[in-house]
Amino acid sequence: MLTCGVVSRGTAAFLVLACAFAPRIQGHPRSPLFERVVVLGASVSMGERGPSPSILLAQWAGTRPDHLWVYARGGARSRSFERALDEVVGLKPTLILALDLFYHDFKFSLFLSEGQKRYLRHYVKTLCSTGAPVLLGTVPKLVLLRYEHANRFLRQLSSEFANLILVDVNPLLEAVDRGHPVRVDGVTYRLRKSDVFLDRVHPNPLGSRLLAGHMLDVLRRTYPRETSRLSFPTLAPSRVAGEGH
């Protein structure tokens, strides 16, 4: 079982569940980028229904269990962890993985107010003040109402903060919606939604590996030297056809 780093009493309950569902992965020698990893988010990051892609990636990359801190809870908005931001800064992470941090903030959103923009900028600024790369997921099309207004603002923030890196999962979702090939880590797979999801939102073990590989692809583009030795294992089971290696 994964042992996460010590955090405040208020976040301990989140850690218990997140650690309990974390799979054991035999990975690579640790990259400096994955020396001290903080995971922030909701149910997907927590590993509520299937393995957490963020925890999976950190484990595979060799992060020590006591250097991996998870602030995640199913259904949580980003404000759930606002009081823990000083803790996160104090941990001096080398990487922050926040795949679904803002998912519930905008699940029913129709527009982005000036107050929300100030809040998002302050939140992102605090995370980026650690100096660590912040891998932040955009709001996926799984939300019930509009989401692109939030993503446009997140893209604006990524131009303001050099260490903010956006992970857009919508191309992956669109590919599996159409049953089209999906290419991750140099391998092309033809996947259906039923191959990668447990329900409408939560990935199954294969979907989690697909997302973790996608996150690694994004990191590779920005930090090729730090990730050159990392290669995610084959993602698809034998019944899903690999079309190129």
# chains A, B, ... in the order shown; residues from 1 in each chain; ligands from 1
$ residues_around --residues "Pro140 (chain A)" --least-positions-apart "6" --cutoff "9 Å" --atoms "only C-alpha atoms" --output "list in words"
Asp100, Tyr103, Tyr147, Glu148, Asn151, Asp168, Val169, Asn170 and Leu173 of chain A
$ select_by_dssp --residues "region 15-231 of chain A" --states "strand (DSSP E)" --output "number ranges by chain"
A: 37-41, 68-72, 95-98, 134-137, 164-167, 181-184, 187-190
$ residues_around --residues "region 111-113 of chain A" --least-positions-apart "3" --cutoff "8 Å" --atoms "only C-alpha atoms" --output "PyMOL selection string"
chain A and resi 116-117+146+149-150
$ atom_distance --atom1 "CA of Ala162 (chain A)" --atom2 "CA of Leu56 (chain A)"
25.4 Å
$ closest_residue --among "A:Cys128, A:Ile165, A:Phe153, A:Pro205" --to "Val88 (chain A)" --atoms "only C-alpha atoms"
A:Cys128
$ residues_around --residues "Ser158 (chain A)" --least-positions-apart "5" --cutoff "10 Å" --atoms "only C-alpha atoms" --output "PyMOL selection string"
chain A and resi 124+134+136+152-153+163-166
